[in-house]
Structures are given as C-alpha cells and as structure tokens.
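Structure file target.pdb (PDB, C-alpha atoms) is printed below.
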```
ATOM      1  CA  TYR A   1       0.000   0.000   0.000
ATOM      2  CA  LYS A   2       1.021   3.614  -0.412
ATOM      3  CA  LEU A   3       1.465   5.750   2.653
ATOM      4  CA  PRO A   4      -0.565   9.001   2.675
ATOM      5  CA  ALA A   5       2.517  11.167   2.234
ATOM      6  CA  LYS A   6       3.744  13.741  -0.241
ATOM      7  CA  ASP A   7       5.627  12.265  -3.193
ATOM      8  CA  SER A   8       9.344  12.634  -2.501
ATOM      9  CA  ALA A   9      10.798  10.714  -5.452
ATOM     10  CA  HIS A  10      14.268  11.912  -6.346
ATOM     11  CA  VAL A  11      17.621  10.706  -7.683
ATOM     12  CA  GLU A  12      20.253  11.289  -5.021
ATOM     13  CA  ILE A  13      23.588  12.540  -6.386
ATOM     14  CA  MET A  14      25.477  13.236  -3.154
ATOM     15  CA  ARG A  15      24.448  12.842   0.468
ATOM     16  CA  ILE A  16      26.053  15.536   2.602
ATOM     17  CA  GLY A  17      25.528  13.796   5.933
ATOM     18  CA  THR A  18      25.469  16.871   8.168
ATOM     19  CA  TYR A  19      25.758  20.639   7.944
ATOM     20  CA  ASN A  20      28.179  20.601  10.892
ATOM     21  CA  PRO A  21      31.830  20.704   9.696
ATOM     22  CA  GLU A  22      32.984  19.526  13.142
ATOM     23  CA  TRP A  23      31.099  16.278  12.561
ATOM     24  CA  GLY A  24      32.593  15.753   9.098
ATOM     25  CA  GLY A  25      29.981  17.692   7.151
ATOM     26  CA  ILE A  26      29.752  20.936   5.182
ATOM     27  CA  SER A  27      27.962  24.105   6.203
ATOM     28  CA  GLU A  28      24.808  24.929   4.286
ATOM     29  CA  LYS A  29      26.237  28.342   3.415
ATOM     30  CA  GLU A  30      29.361  26.818   1.841
ATOM     31  CA  ILE A  31      27.233  24.508  -0.303
ATOM     32  CA  ILE A  32      24.953  27.316  -1.481
ATOM     33  CA  ASP A  33      27.851  29.687  -2.181
ATOM     34  CA  THR A  34      29.700  27.018  -4.176
ATOM     35  CA  MET A  35      26.674  26.032  -6.237
ATOM     36  CA  LYS A  36      25.860  29.664  -7.031
ATOM     37  CA  SER A  37      29.472  30.480  -7.937
ATOM     38  CA  GLY A  38      29.437  28.361 -11.096
ATOM     39  CA  LYS A  39      32.281  26.127  -9.897
ATOM     40  CA  ILE A  40      29.992  23.105 -10.372
ATOM     41  CA  LEU A  41      28.891  22.760 -14.009
ATOM     42  CA  ILE A  42      25.215  21.785 -14.156
ATOM     43  CA  PRO A  43      24.088  20.592 -17.600
ATOM     44  CA  GLN A  44      20.585  20.446 -18.983
ATOM     45  CA  ILE A  45      19.651  17.064 -17.526
ATOM     46  CA  GLU A  46      17.792  14.617 -19.751
ATOM     47  CA  VAL A  47      17.349  11.135 -18.327
ATOM     48  CA  LEU A  48      16.153   7.708 -19.362
ATOM     49  CA  PRO A  49      15.171   5.015 -16.831
ATOM     50  CA  THR A  50      17.182   1.891 -17.604
ATOM     51  CA  ASP A  51      15.752  -0.699 -15.205
ATOM     52  CA  VAL A  52      13.439  -1.422 -12.291
ATOM     53  CA  VAL A  53      15.060  -3.641  -9.678
ATOM     54  CA  ALA A  54      14.577  -4.980  -6.158
ATOM     55  CA  ASN A  55      17.505  -4.056  -3.926
ATOM     56  CA  PRO A  56      19.134  -6.576  -1.513
ATOM     57  CA  ASP A  57      17.068  -5.493   1.521
ATOM     58  CA  THR A  58      14.594  -7.898   3.134
ATOM     59  CA  PRO A  59      11.868  -7.082   2.222
ATOM     60  CA  PRO A  60      13.382  -5.190  -0.700
ATOM     61  CA  GLU A  61      12.946  -1.663  -1.904
ATOM     62  CA  LEU A  62      12.002  -1.209  -5.554
ATOM     63  CA  GLU A  63      14.257   1.177  -7.437
ATOM     64  CA  ILE A  64      14.167   2.831 -10.841
ATOM     65  CA  ARG A  65      17.741   2.804 -12.178
ATOM     66  CA  PHE A  66      19.250   5.630 -14.242
ATOM     67  CA  ASP A  67      22.529   3.993 -15.252
ATOM     68  CA  MET A  68      24.815   4.723 -18.173
ATOM     69  CA  PRO A  69      24.338   1.650 -20.419
ATOM     70  CA  HIS A  70      27.898   1.992 -21.700
ATOM     71  CA  GLY A  71      30.863   4.297 -21.401
ATOM     72  CA  PRO A  72      31.573   7.332 -23.591
ATOM     73  CA  ASP A  73      33.926   7.123 -26.545
ATOM     74  CA  PHE A  74      37.140   8.673 -25.220
ATOM     75  CA  ASN A  75      38.838   8.442 -28.626
ATOM     76  CA  ASP A  76      36.166  10.067 -30.783
ATOM     77  CA  ILE A  77      34.931  13.284 -29.209
ATOM     78  CA  THR A  78      32.258  13.592 -31.900
ATOM     79  CA  ALA A  79      30.557  10.326 -30.869
ATOM     80  CA  PRO A  80      27.169  10.671 -29.111
ATOM     81  CA  LEU A  81      27.315  10.655 -25.333
ATOM     82  CA  PRO A  82      25.598   7.749 -23.527
ATOM     83  CA  VAL A  83      22.240   8.367 -21.882
ATOM     84  CA  ASN A  84      22.266   9.590 -18.269
ATOM     85  CA  TRP A  85      25.841  10.901 -18.558
ATOM     86  CA  GLN A  86      24.748  14.102 -16.829
ATOM     87  CA  LEU A  87      24.176  12.362 -13.470
ATOM     88  CA  ARG A  88      27.701  10.953 -13.190
ATOM     89  CA  PHE A  89      29.130  14.199 -14.576
ATOM     90  CA  VAL A  90      27.582  16.225 -11.737
ATOM     91  CA  HIS A  91      28.206  13.492  -9.147
ATOM     92  CA  ASN A  92      31.945  13.386  -9.864
ATOM     93  CA  GLN A  93      32.261  17.151  -9.753
ATOM     94  CA  LEU A  94      30.565  17.292  -6.356
ATOM     95  CA  PHE A  95      32.744  14.498  -4.972
ATOM     96  CA  LYS A  96      35.914  16.178  -6.221
ATOM     97  CA  HIS A  97      34.985  19.600  -4.857
ATOM     98  CA  PHE A  98      33.456  18.638  -1.490
ATOM     99  CA  TYR A  99      35.951  16.365   0.215
ATOM    100  CA  ASN A 100      34.234  16.101   3.612
ATOM    101  CA  PRO A 101      34.290  12.732   5.438
ATOM    102  CA  SER A 102      30.507  12.322   5.717
ATOM    103  CA  ARG A 103      29.672  12.635   2.027
ATOM    104  CA  PHE A 104      28.575   9.550   0.110
ATOM    105  CA  CYS A 105      26.002   8.425  -2.428
ATOM    106  CA  PRO A 106      23.936   5.314  -1.663
ATOM    107  CA  GLY A 107      23.642   3.172  -4.782
ATOM    108  CA  PRO A 108      24.018   5.779  -7.524
ATOM    109  CA  PHE A 109      21.914   6.421  -9.512
ATOM    110  CA  HIS A 110      18.385   5.396  -8.571
ATOM    111  CA  SER A 111      15.015   6.614  -7.380
ATOM    112  CA  THR A 112      13.242   4.524  -4.715
ATOM    113  CA  ILE A 113       9.567   4.032  -5.520
ATOM    114  CA  VAL A 114       8.481   1.365  -2.980
ATOM    115  CA  ARG A 115       9.837   0.255   0.382
ATOM    116  CA  LYS A 116       9.337  -3.217   1.911
ATOM    117  CA  ALA A 117       7.887  -4.604  -1.297
ATOM    118  CA  GLU A 118       6.317  -8.059  -0.995
ATOM    119  CA  PHE A 119       4.400  -9.978  -3.659
ATOM    120  CA  ARG A 120       1.463 -12.348  -3.308
ATOM    121  CA  SER A 121       3.281 -14.985  -5.329
ATOM    122  CA  MET A 122       6.243 -15.479  -7.663
ATOM    123  CA  GLN A 123       3.782 -15.212 -10.552
ATOM    124  CA  HIS A 124       2.704 -11.764  -9.375
ATOM    125  CA  LYS A 125       6.332 -10.723  -8.965
ATOM    126  CA  GLU A 126       7.282 -11.888 -12.459
ATOM    127  CA  ALA A 127       4.197 -10.219 -13.921
ATOM    128  CA  TYR A 128       4.989  -6.941 -12.166
ATOM    129  CA  PHE A 129       8.544  -6.770 -13.495
ATOM    130  CA  SER A 130       7.316  -7.764 -16.956
ATOM    131  CA  MET A 131       4.947  -4.815 -16.836
ATOM    132  CA  CYS A 132       7.823  -2.553 -15.735
ATOM    133  CA  GLU A 133       9.895  -3.739 -18.696
ATOM    134  CA  ALA A 134       7.002  -2.936 -21.051
ATOM    135  CA  VAL A 135       6.841   0.617 -19.666
ATOM    136  CA  LEU A 136      10.613   1.002 -19.975
ATOM    137  CA  LYS A 137      10.352   0.038 -23.636
ATOM    138  CA  LYS A 138       7.982   2.968 -24.171
ATOM    139  CA  TRP A 139      10.516   5.280 -22.536
ATOM    140  CA  ARG A 140      13.282   3.934 -24.791
ATOM    141  CA  LEU A 141      11.205   4.679 -27.859
ATOM    142  CA  HIS A 142      10.844   8.311 -26.730
ATOM    143  CA  GLY A 143      14.498   8.601 -25.712
ATOM    144  CA  PRO A 144      15.910  10.735 -22.877
ATOM    145  CA  ARG A 145      13.581  13.426 -21.590
ATOM    146  CA  PRO A 146      14.339  16.736 -19.826
ATOM    147  CA  LEU A 147      13.164  17.041 -16.241
ATOM    148  CA  ASN A 148      10.814  19.909 -16.974
ATOM    149  CA  ALA A 149       7.358  20.499 -15.591
ATOM    150  CA  HIS A 150       6.420  22.160 -18.884
ATOM    151  CA  PRO A 151       8.203  22.299 -22.263
ATOM    152  CA  THR A 152       9.056  25.979 -21.718
ATOM    153  CA  ASP A 153      10.557  25.400 -18.261
ATOM    154  CA  ASN A 154      14.220  24.903 -17.553
ATOM    155  CA  LYS A 155      14.058  23.150 -14.210
ATOM    156  CA  SER A 156      16.374  20.234 -14.788
ATOM    157  CA  GLY A 157      18.940  21.497 -12.308
ATOM    158  CA  ILE A 158      19.854  20.324  -8.815
ATOM    159  CA  TRP A 159      17.924  20.629  -5.559
ATOM    160  CA  LEU A 160      19.404  20.842  -2.071
ATOM    161  CA  PHE A 161      17.273  18.842   0.370
ATOM    162  CA  THR A 162      17.221  19.154   4.147
ATOM    163  CA  ASP A 163      15.571  15.736   4.028
ATOM    164  CA  ARG A 164      13.658  13.853   1.363
ATOM    165  CA  THR A 165      10.468  15.864   1.944
ATOM    166  CA  LYS A 166      12.038  19.329   2.260
ATOM    167  CA  PRO A 167      13.771  20.743  -0.837
ATOM    168  CA  THR A 168      15.206  24.125   0.126
ATOM    169  CA  HIS A 169      17.348  25.503  -2.722
ATOM    170  CA  PHE A 170      17.284  25.071  -6.487
ATOM    171  CA  PHE A 171      20.347  25.497  -8.716
ATOM    172  CA  PRO A 172      19.494  25.823 -12.435
ATOM    173  CA  PRO A 173      21.662  24.597 -15.317
ATOM    174  CA  ASN A 174      24.716  26.746 -16.034
ATOM    175  CA  PHE A 175      26.410  24.431 -18.565
ATOM    176  CA  LEU A 176      23.994  24.485 -21.472
ATOM    177  CA  PRO A 177      23.846  22.617 -24.808
ATOM    178  CA  PRO A 178      25.223  21.938 -27.313
ATOM    179  CA  TYR A 179      27.650  19.396 -25.862
ATOM    180  CA  ASP A 180      29.405  18.412 -29.090
ATOM    181  CA  THR A 181      31.913  21.260 -29.166
ATOM    182  CA  GLU A 182      35.523  20.255 -28.595
ATOM    183  CA  GLU A 183      35.891  22.405 -25.481
ATOM    184  CA  LYS A 184      32.754  21.119 -23.754
ATOM    185  CA  ARG A 185      33.322  17.502 -24.776
ATOM    186  CA  LYS A 186      36.814  17.506 -23.257
ATOM    187  CA  ILE A 187      35.404  18.848 -19.980
ATOM    188  CA  ILE A 188      32.682  16.193 -19.922
ATOM    189  CA  LEU A 189      35.023  13.304 -20.726
ATOM    190  CA  SER A 190      37.530  14.414 -18.101
ATOM    191  CA  TYR A 191      34.910  13.880 -15.383
ATOM    192  CA  LEU A 192      33.514  10.645 -16.844
ATOM    193  CA  ALA A 193      36.955   9.007 -16.954
ATOM    194  CA  GLU A 194      36.951   8.293 -13.202
ATOM    195  CA  GLU A 195      34.602   6.935 -10.552
ATOM    196  CA  TRP A 196      34.601   7.058  -6.765
ATOM    197  CA  ASP A 197      35.337   3.758  -5.019
ATOM    198  CA  GLU A 198      33.335   3.512  -1.777
ATOM    199  CA  GLU A 199      35.512   0.662  -0.497
ATOM    200  CA  THR A 200      38.923   2.298  -0.906
ATOM    201  CA  LEU A 201      37.525   5.846  -0.560
ATOM    202  CA  GLY A 202      39.523   6.929  -3.575
ATOM    203  CA  TRP A 203      39.252   7.574  -7.289
ATOM    204  CA  LYS A 204      39.772   4.844  -9.857
ATOM    205  CA  LYS A 205      39.437   4.464 -13.612
ATOM    206  CA  ALA A 206      35.759   4.287 -14.495
ATOM    207  CA  GLU A 207      34.452   0.893 -15.537
ATOM    208  CA  TYR A 208      31.471   0.777 -17.878
ATOM    209  CA  PRO A 209      29.466  -2.035 -19.500
ATOM    210  CA  GLU A 210      30.592  -2.810 -23.027
ATOM    211  CA  LYS A 211      28.614  -1.123 -25.748
ATOM    212  CA  GLU A 212      26.529  -3.437 -27.905
ATOM    213  CA  ASP A 213      27.814  -3.600 -31.453
ATOM    214  CA  GLU A 214      25.781  -1.987 -34.186
ATOM    215  CA  LYS A 215      24.577  -5.350 -35.492
ATOM    216  CA  LYS A 216      22.919  -6.240 -32.190
ATOM    217  CA  VAL A 217      21.368  -2.793 -31.967
ATOM    218  CA  GLU A 218      19.923  -3.143 -35.454
ATOM    219  CA  ASP A 219      18.537  -6.598 -34.652
ATOM    220  CA  LYS A 220      16.729  -5.150 -31.643
ATOM    221  CA  SER A 221      15.297  -2.169 -33.490
ATOM    222  CA  VAL A 222      11.545  -1.794 -33.828
ATOM    223  CA  ALA A 223       9.768  -1.236 -37.130
ATOM    224  CA  PRO A 224       7.809   2.055 -37.407
ATOM    225  CA  ALA A 225       4.461   0.227 -37.518
ATOM    226  CA  GLU A 226       5.361  -1.732 -34.409
ATOM    227  CA  LYS A 227       6.368   1.496 -32.659
ATOM    228  CA  ALA A 228       2.996   3.058 -33.388
ATOM    229  CA  ASN A 229       1.119   0.013 -32.080
ATOM    230  CA  PHE A 230       3.256  -0.161 -28.977
ATOM    231  CA  MET A 231       2.710   3.512 -28.162
ATOM    232  CA  GLN A 232      -1.059   3.043 -28.482
ATOM    233  CA  TRP A 233      -1.181   0.042 -26.173
ATOM    234  CA  CYS A 234       1.097  -1.233 -23.469
ATOM    235  CA  GLY A 235      -0.019  -4.643 -22.240
ATOM    236  CA  ASN A 236      -0.489  -5.183 -18.512
ATOM    237  CA  PRO A 237       0.781  -8.686 -17.658
ATOM    238  CA  ILE A 238      -0.586  -8.417 -14.114
ATOM    239  CA  GLU A 239      -4.102  -7.980 -15.451
ATOM    240  CA  ALA A 240      -3.526 -10.866 -17.834
ATOM    241  CA  LEU A 241      -2.285 -12.996 -14.955
ATOM    242  CA  LEU A 242      -5.373 -12.170 -12.900
ATOM    243  CA  GLY A 243      -7.724 -12.777 -15.834
ATOM    244  CA  VAL A 244      -8.659  -9.126 -16.373
ATOM    245  CA  ALA A 245      -9.221  -7.669 -19.851
ATOM    246  CA  GLY A 246      -7.514  -4.498 -21.059
ATOM    247  CA  ASN A 247     -10.641  -2.429 -20.254
ATOM    248  CA  GLY A 248     -10.492  -3.492 -16.590
ATOM    249  CA  GLU A 249     -13.361  -6.014 -16.896
ATOM    250  CA  ALA A 250     -12.969  -9.664 -16.065
ATOM    251  CA  LYS A 251     -12.434 -11.891 -19.074
ATOM    252  CA  PRO A 252     -15.335 -14.283 -19.734
ATOM    253  CA  SER A 253     -14.502 -17.892 -18.949
ATOM    254  CA  ARG A 254     -14.354 -20.271 -21.877
ATOM    255  CA  SER A 255     -16.479 -23.388 -21.773
ATOM    256  CA  LYS A 256     -15.054 -26.564 -23.229
TER     257      LYS A 256
END
```
Now that the file is in, can you turn its structure into structure tokens?
Amino acid sequence: YKLPAKDSAHVEIMRIGTYNPEWGGISEKEIIDTMKSGKILIPQIEVLPTDVVANPDTPPELEIRFDMPHGPDFNDITAPLPVNWQLRFVHNQLFKHFYNPSRFCPGPFHSTIVRKAEFRSMQHKEAYFSMCEAVLKKWRLHGPRPLNAHPTDNKSGIWLFTDRTKPTHFFPPNFLPPYDTEEKRKIILSYLAEEWDEETLGWKKAEYPEKEDEKKVEDKSVAPAEKANFMQWCGNPIEALLGVAGNGEAKPSRSK
C-alpha cells in the first residue's frame, strides 16, 4: 500500500551527511555559495530510466535505475554521449569539490519508488517486473527526456534537500547545450573518466558495460508500424495474470 505522504521521489547525487563541519559535514552556506558560484557545471539534464530492480534489503525496496548503459567514446569526441551521462558528470564534480568525510552516495543512480515490497506470489512478482519492462520500452522509444514540468521550463537542475520531503534551494543549469563542441566535450570526458570507489575511498578508472555492437542494436530495433502500435497500447501482464481484460473487466470464462 502507499502511505498518505507527499511524493518525494528523487535521484540522489550526493548525500552531505550533516551541515556541521565539526562532525565531518559541510555548512549549508558553503554549499549554497559554491553552487551559485558556477564552480559546479550543471548541464541540462535529460534522463532515461534503464531498469526497475529490487535491492538486496529484506523485504526489498524497488528502485528505478538511471545507469549509463555503456561508457563514452574517449577516442572520438564527436561520438554521441551515452544516456544519463549528466548524473555521473555532476556526481563526480561534487565528490571532487566537497571532500568532507561524511559525504557519500547510496547506490548511484536510482530513485526509490516502494519500500518493503512483498508480492502475493512469484507469478505476481514476475508479472509486475514484466509490466515494468514494457513501460521502460515505451521510454526507450521516446528517448531521454528533460526534467521539466512544462516544455518551456528549464528546471532540470539540482535541488538541495534538508531531508527527502524538504527541498530548500534550487540550482538551475549553467552548462547548457550543445555538448558536441571540442571544449565542452573535453570537460565532460575528463569527469567521466573516473569513478569514486566507496571501499577504498579513492578515485579509480571508471568501468562501464561494453557497448553493444551496431549489429545487435539493429537486430533489436523496432519497425515504425510496431512502434505506433506499442505507443497506443502497453499490455499489462498483471491484469492478464489475474484474468482481467484491457478495459479493466474480467475476461469471460471459456467453456469446453
């Protein structure tokens, strides 16, 4: 069930820990001054959910993942950047600038949608994740989307939260498109080349999944007619499992 609380969905980029420097944190004023100074480059953020997973907790939390499906091309600066690159780009800048002991990022990069998730049966669980995959396919057809309330807005920046229900300060993008110029691409790639290791508490060479070759991508492509049909209807495997028709009515039983 859903608790009667305000929606607080967000993708955490860096957890500060505390505003008290004596306890290993950073003062709120220092954070605000830094973010307003332009020292942290904030791009126009366009994201694409890549997966819905159950985390290792018991019972688990359900998370929407916003991972980079593969690494950037460090040899060809004209190659398209992978989806969700903006999240790691900002994350690495924050971790390099704010070097306080309490900072960390739990399981980057995800948004928790359900806590203590339990299913009536394995069939229901499989049907639920099948439905999630169907919805993700619709997102992939659209491609990455800006985090704007309206098309004319430019609100895909970063929020400072006191806690998950109390956003206090908004920092708009200051590193705007296009991102295919040589100067900007070199800046982006310099921050995507490394990743923070939570075990050693140090930087290491970034490791990314291998990019699928063009042949595999072509094999998985969807014909235009199929795209149109898919956008008009997205099957609900949970309803199918429970014997419910697409209009929400129970399917009539078939007599032998």
Kindly provide the residues of stretch 69-117 of chain A that approach stretch 129-146 of chain A to within 12 Å, each paired with its closest atom pair and their distance in Å to one decimal, based on all atoms listed in the file, listed by chain and increasing number, as a Markdown table.
```
| residue | atom | partner | partner_atom | distance |
| --- | --- | --- | --- | --- |
| A:Leu81 | CA | A:Pro144 | CA | 11.7 |
| A:Pro82 | CA | A:Pro144 | CA | 10.2 |
| A:Val83 | CA | A:Pro144 | CA | 6.8 |
| A:Asn84 | CA | A:Pro144 | CA | 7.9 |
| A:Trp85 | CA | A:Pro144 | CA | 10.8 |
| A:Gln86 | CA | A:Pro146 | CA | 11.1 |
```
Residues picked by the PyMOL selection byres ((chain A and resi 38-44) around 12) here, as a VMD selection string?
chain A and resid 31 to 37 45 to 47 84 to 98 144 to 148 153 to 159 170 to 179 184 187 to 188 191
Smallest atom-to-atom distance to A:Pro72: which of A:Leu189, A:Leu201, A:Ser102, A:Glu212, using all atoms listed in the file?
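Selected residue with least distance to A:Pro72: A:Leu189.
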To one decimal place, how far is atom CA of A:Phe74 from atom CA of A:Glu210 in Å?
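We find that atom CA of A:Phe74 and atom CA of A:Glu210 lie 13.4 Å from each other.
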Of the listed residues A:Gly24, A:Pro60, A:Gly17, A:Pro49, that which approaches A:Phe104 most closely, counting only C-alpha atoms
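Looking only at the distances to A:Phe104, the closest residue turns out to be A:Gly17.
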For A:Val11, which residue out of A:Ile64, A:Ala193, A:Ile26, A:Ile77 is the nearest one, using all atoms listed in the file?
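Closest residue, counting all atoms listed in the file: A:Ile64.
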Between atom CA of A:Gly71 and atom CA of A:Glu207 - distance in Å to one decimal:
7.7 Å
List, as a list of chain:residue names, every residue that the PyMOL selection byres ((chain A and resi 53) around 8) selects in the file provided.
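Applied to this file, the PyMOL selection byres ((chain A and resi 53) around 8) returns A:Asp51, A:Val52, A:Ala54, A:Asn55, A:Leu62, A:Glu63, A:Ile64, A:Arg65.
One distance worth recording is that between atom CA of A:Thr50 and atom CA of A:Glu183, which is 28.9 Å.
Distances to A:Phe66 were evaluated for A:Ala206, A:Leu48, A:Ala79, A:Ala117 using all atoms listed in the file, and the minimum falls at A:Leu48.
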A:Arg115, A:Lys205, A:His169, A:His124: which is nearest A:Lys29, counting only C-alpha atoms?
A:His169
